[in-house]
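Working notes, structure below.
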Amino acid sequence: VCEYYFSRRLREVARLNAEGHDIVSLGIGGPDRPPHPDVIETLCEEARRHDSHSYQVSNGLPRLRQAFSDWYARTYRVALDPDKEILPLIGSKEGITHVGLTFLNPGDGVLVPDPGYPTYASSARLIGAEVILYSLTEKNDWLPDFEAIERLPLEKVRLMWVNYPHMPTGRAADPELFRRLVDFGRRHGIVIAHDNPYSFILNDGPRHSIFQIDGAKEVAIELNSLSKSHNMAGWRVAMLAASPEFTSWVMNVKSNIDSGQFRPIMLAAAKALELGEDWFEE
């Protein structure tokens, strides 16, 4: 496995800037504005407390899980149990690897969109899984070609990554697509992992979650993030939503890898979610 593509490019951009070049980066997208002032103030206040600096539990503070649950109810009209169906993550990029470690063994197949986020493939290769690309084309409106996918060696596939609104094309989410994905996952025994961090980016229409589809919790996982939606990319705050069974399995992996997030960051993230969506849509 090679070093992550954007890691190499960011280091190259830093070197060129240090040499005096004026580089316009078209690489990894990040917000150019800070979070709401109340979010920053919460971080500062909590960081000053003497009891804020201990290890934390890997499944996050109850207030943060509740804030994520309320966010999904308010934004997507999806009900999630904050204690059993939500797992805070130290960024969704890290969560992608947690999901792979949970559901894949060496030699298993994983369906990865092309074009798509490079981490889907690189995390699978780190695990020793086989990356099976499925093409997204402009001719097909950047949607999966299910007829072509059905011809792939699906007997070895355990996991499928999807991402709508799609990066890099921007193709919006589509409830009919989610219905087809849930059906596909059920028929083939494949876990559908939907990466959903772009609902708030240049999107004036309804916001979609795969869990708006009946039965999706039987086969699906969804990742979401505050990086883009709340201008908090460097804070590394995200979440996984899934059935209690799937969530507990990912928690087993995650708890062996990290020791939870910094408590003030979790409380500031909860504050960001509790503020609602109006402030960053102005």
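FYI, nothing fancy with the structure tokens labels: chains A, B, ... in order, residues from 1 per chain, ligands from 1 as they appear.
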
Every residue of range 125-257 of chain A that DSSP places in strand (DSSP E or B), as a count of residues only: 27

Residue contacts of range 135-143 of chain A (7 Å, only C-alpha atoms) excluding same-chain residues fewer than 3 positions away, as a ChimeraX atom specification: /A:113-115,171

Contacts of range 35-147 of chain A with range 223-246 of chain A up to 12 Å, shortest pair per row, only C-alpha atoms, as CSV:
residue,atom,partner,partner_atom,distance
A:Pro35,CA,A:Asn231,CA,5.1
A:His36,CA,A:His230,CA,8.0
A:Pro37,CA,A:Asn231,CA,11.4
A:Val39,CA,A:His230,CA,9.8
A:Ile40,CA,A:Met232,CA,10.3
A:Leu43,CA,A:Trp235,CA,10.6
A:Ser58,CA,A:Met239,CA,11.9
A:Asn59,CA,A:Met239,CA,10.0
A:Gly60,CA,A:Met239,CA,10.0
A:Leu64,CA,A:Met239,CA,9.9
A:Arg65,CA,A:Met239,CA,8.7
A:Gln66,CA,A:Met239,CA,11.7
A:Ala67,CA,A:Met239,CA,11.0
A:Phe68,CA,A:Met239,CA,7.8
A:Ser69,CA,A:Ala241,CA,9.2
A:Trp71,CA,A:Asn224,CA,10.9
A:Tyr72,CA,A:Ala241,CA,9.7
A:Thr75,CA,A:Ser229,CA,12.0
A:Tyr76,CA,A:Asn224,CA,11.8
A:Val78,CA,A:Ala241,CA,10.5
A:Ala79,CA,A:Ala241,CA,10.4
A:Leu80,CA,A:Ala241,CA,7.5
A:Asp81,CA,A:Pro244,CA,8.5
A:Pro82,CA,A:Ala241,CA,9.3
A:Asp83,CA,A:Pro244,CA,8.7
A:Lys84,CA,A:Pro244,CA,4.9
A:Glu85,CA,A:Pro244,CA,5.1
A:Ile86,CA,A:Ala241,CA,4.7
A:Leu87,CA,A:Leu240,CA,5.1
A:Pro88,CA,A:Met239,CA,4.2
A:Leu89,CA,A:Ala238,CA,4.8
A:Ile90,CA,A:Arg236,CA,5.0
A:Gly91,CA,A:Arg236,CA,4.3
A:Ser92,CA,A:Ala238,CA,5.4
A:Lys93,CA,A:Ala238,CA,8.9
A:Glu94,CA,A:Arg236,CA,9.2
A:Gly95,CA,A:Leu240,CA,7.4
A:Ile96,CA,A:Leu223,CA,8.2
A:Thr97,CA,A:Leu223,CA,11.7
A:His98,CA,A:Leu240,CA,10.0
A:Val99,CA,A:Leu240,CA,9.2
A:Thr102,CA,A:Phe246,CA,8.9
A:Phe103,CA,A:Phe246,CA,9.3

All alpha helix (DSSP H) residues (DSSP, backbone) inside range 20-252 of chain A, as a PyMOL selection string: chain A and resi 37-47+62-75+92-103+118-127+146-150+175-188+244-252

Neighbour list for Arg125 in chain A as JSON, numbers by chain, cut-off 10 Å, only C-alpha atoms, skip fewer than 2 positions in-chain: {"A": [1, 2, 100, 106, 107, 110, 119, 120, 121, 122, 123, 127, 128, 129, 130, 131]}

Export of the given selection (C-alpha atoms) as a PDB file, in the first residue's frame:
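As written to disk, again.pdb reads:
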ATOM      1  CA  VAL A   1       0.000   0.000   0.000  1.00  0.00           C
ATOM      2  CA  CYS A   2       1.365   3.399  -0.994  1.00  0.00           C
ATOM      3  CA  GLY A 100     -13.508  -2.618   6.599  1.00  0.00           C
ATOM      4  CA  PRO A 106      -8.194 -11.096   3.642  1.00  0.00           C
ATOM      5  CA  GLY A 107      -9.387 -12.311   0.263  1.00  0.00           C
ATOM      6  CA  VAL A 110     -15.363  -5.155  -1.680  1.00  0.00           C
ATOM      7  CA  THR A 119      -9.859   5.687   0.950  1.00  0.00           C
ATOM      8  CA  TYR A 120     -12.495   3.069   0.071  1.00  0.00           C
ATOM      9  CA  ALA A 121      -9.903   1.164  -1.955  1.00  0.00           C
ATOM     10  CA  SER A 122      -6.787   1.913   0.102  1.00  0.00           C
ATOM     11  CA  SER A 123      -8.384   0.828   3.385  1.00  0.00           C
ATOM     12  CA  ILE A 127      -6.855  -5.297   5.211  1.00  0.00           C
ATOM     13  CA  GLY A 128      -5.882  -7.629   2.376  1.00  0.00           C
ATOM     14  CA  ALA A 129      -9.308  -7.564   0.734  1.00  0.00           C
ATOM     15  CA  GLU A 130      -9.801  -7.613  -3.030  1.00  0.00           C
ATOM     16  CA  VAL A 131     -10.987  -4.304  -4.508  1.00  0.00           C
TER      17      VAL A 131
END

For CA of Ile213 in chain A and CA of Asp183 in chain A, the interatomic separation in Å (one decimal): 10.2 Å

Close residues, Pro153 in chain A itself excluded, 12 Å, only C-alpha atoms, min 4 positions apart in chain, as an NGL selection string: :A and (108-111 or 130-134 or 148-149 or 157-158 or 188)

Grab the residues selected above and save them as a PDB file, in the first residue's frame with N, CA and C atoms.
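Saved the output as result.pdb:
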ATOM      1  N   ASP A 108     -11.558 -11.401   0.895  1.00  0.00           N
ATOM      2  CA  ASP A 108     -12.942 -11.010   0.615  1.00  0.00           C
ATOM      3  C   ASP A 108     -12.972  -9.910  -0.432  1.00  0.00           C
ATOM      4  N   GLY A 109     -14.096  -9.804  -1.134  1.00  0.00           N
ATOM      5  CA  GLY A 109     -14.254  -8.754  -2.125  1.00  0.00           C
ATOM      6  C   GLY A 109     -15.010  -7.561  -1.568  1.00  0.00           C
ATOM      7  N   VAL A 110     -14.656  -6.378  -2.048  1.00  0.00           N
ATOM      8  CA  VAL A 110     -15.363  -5.155  -1.680  1.00  0.00           C
ATOM      9  C   VAL A 110     -15.601  -4.346  -2.948  1.00  0.00           C
ATOM     10  N   LEU A 111     -16.851  -3.944  -3.164  1.00  0.00           N
ATOM     11  CA  LEU A 111     -17.218  -3.143  -4.328  1.00  0.00           C
ATOM     12  C   LEU A 111     -16.929  -1.671  -4.040  1.00  0.00           C
ATOM     13  N   GLU A 130      -9.901  -7.829  -1.584  1.00  0.00           N
ATOM     14  CA  GLU A 130      -9.801  -7.613  -3.030  1.00  0.00           C
ATOM     15  C   GLU A 130     -10.737  -6.479  -3.440  1.00  0.00           C
ATOM     16  N   VAL A 131     -10.195  -5.440  -4.039  1.00  0.00           N
ATOM     17  CA  VAL A 131     -10.987  -4.304  -4.508  1.00  0.00           C
ATOM     18  C   VAL A 131     -11.573  -4.646  -5.872  1.00  0.00           C
ATOM     19  N   ILE A 132     -12.897  -4.586  -5.976  1.00  0.00           N
ATOM     20  CA  ILE A 132     -13.598  -4.826  -7.230  1.00  0.00           C
ATOM     21  C   ILE A 132     -14.285  -3.523  -7.618  1.00  0.00           C
ATOM     22  N   LEU A 133     -13.780  -2.863  -8.640  1.00  0.00           N
ATOM     23  CA  LEU A 133     -14.293  -1.561  -9.034  1.00  0.00           C
ATOM     24  C   LEU A 133     -15.588  -1.711  -9.829  1.00  0.00           C
ATOM     25  N   TYR A 134     -16.548  -0.816  -9.573  1.00  0.00           N
ATOM     26  CA  TYR A 134     -17.714  -0.694 -10.445  1.00  0.00           C
ATOM     27  C   TYR A 134     -17.734   0.732 -10.986  1.00  0.00           C
ATOM     28  N   ALA A 148     -24.467  -4.410 -14.921  1.00  0.00           N
ATOM     29  CA  ALA A 148     -23.039  -4.724 -15.004  1.00  0.00           C
ATOM     30  C   ALA A 148     -22.521  -5.279 -13.675  1.00  0.00           C
ATOM     31  N   ILE A 149     -22.988  -4.719 -12.562  1.00  0.00           N
ATOM     32  CA  ILE A 149     -22.537  -5.182 -11.250  1.00  0.00           C
ATOM     33  C   ILE A 149     -22.969  -6.626 -11.007  1.00  0.00           C
ATOM     34  N   VAL A 157     -17.984 -11.096  -2.475  1.00  0.00           N
ATOM     35  CA  VAL A 157     -18.164  -9.718  -2.017  1.00  0.00           C
ATOM     36  C   VAL A 157     -18.906  -9.694  -0.683  1.00  0.00           C
ATOM     37  N   ARG A 158     -18.360  -8.955   0.264  1.00  0.00           N
ATOM     38  CA  ARG A 158     -18.989  -8.804   1.576  1.00  0.00           C
ATOM     39  C   ARG A 158     -19.450  -7.382   1.850  1.00  0.00           C
ATOM     40  N   HIS A 188     -27.931 -10.483  -2.095  1.00  0.00           N
ATOM     41  CA  HIS A 188     -26.594 -11.050  -2.197  1.00  0.00           C
ATOM     42  C   HIS A 188     -25.867 -11.156  -0.853  1.00  0.00           C
TER      43      HIS A 188
END
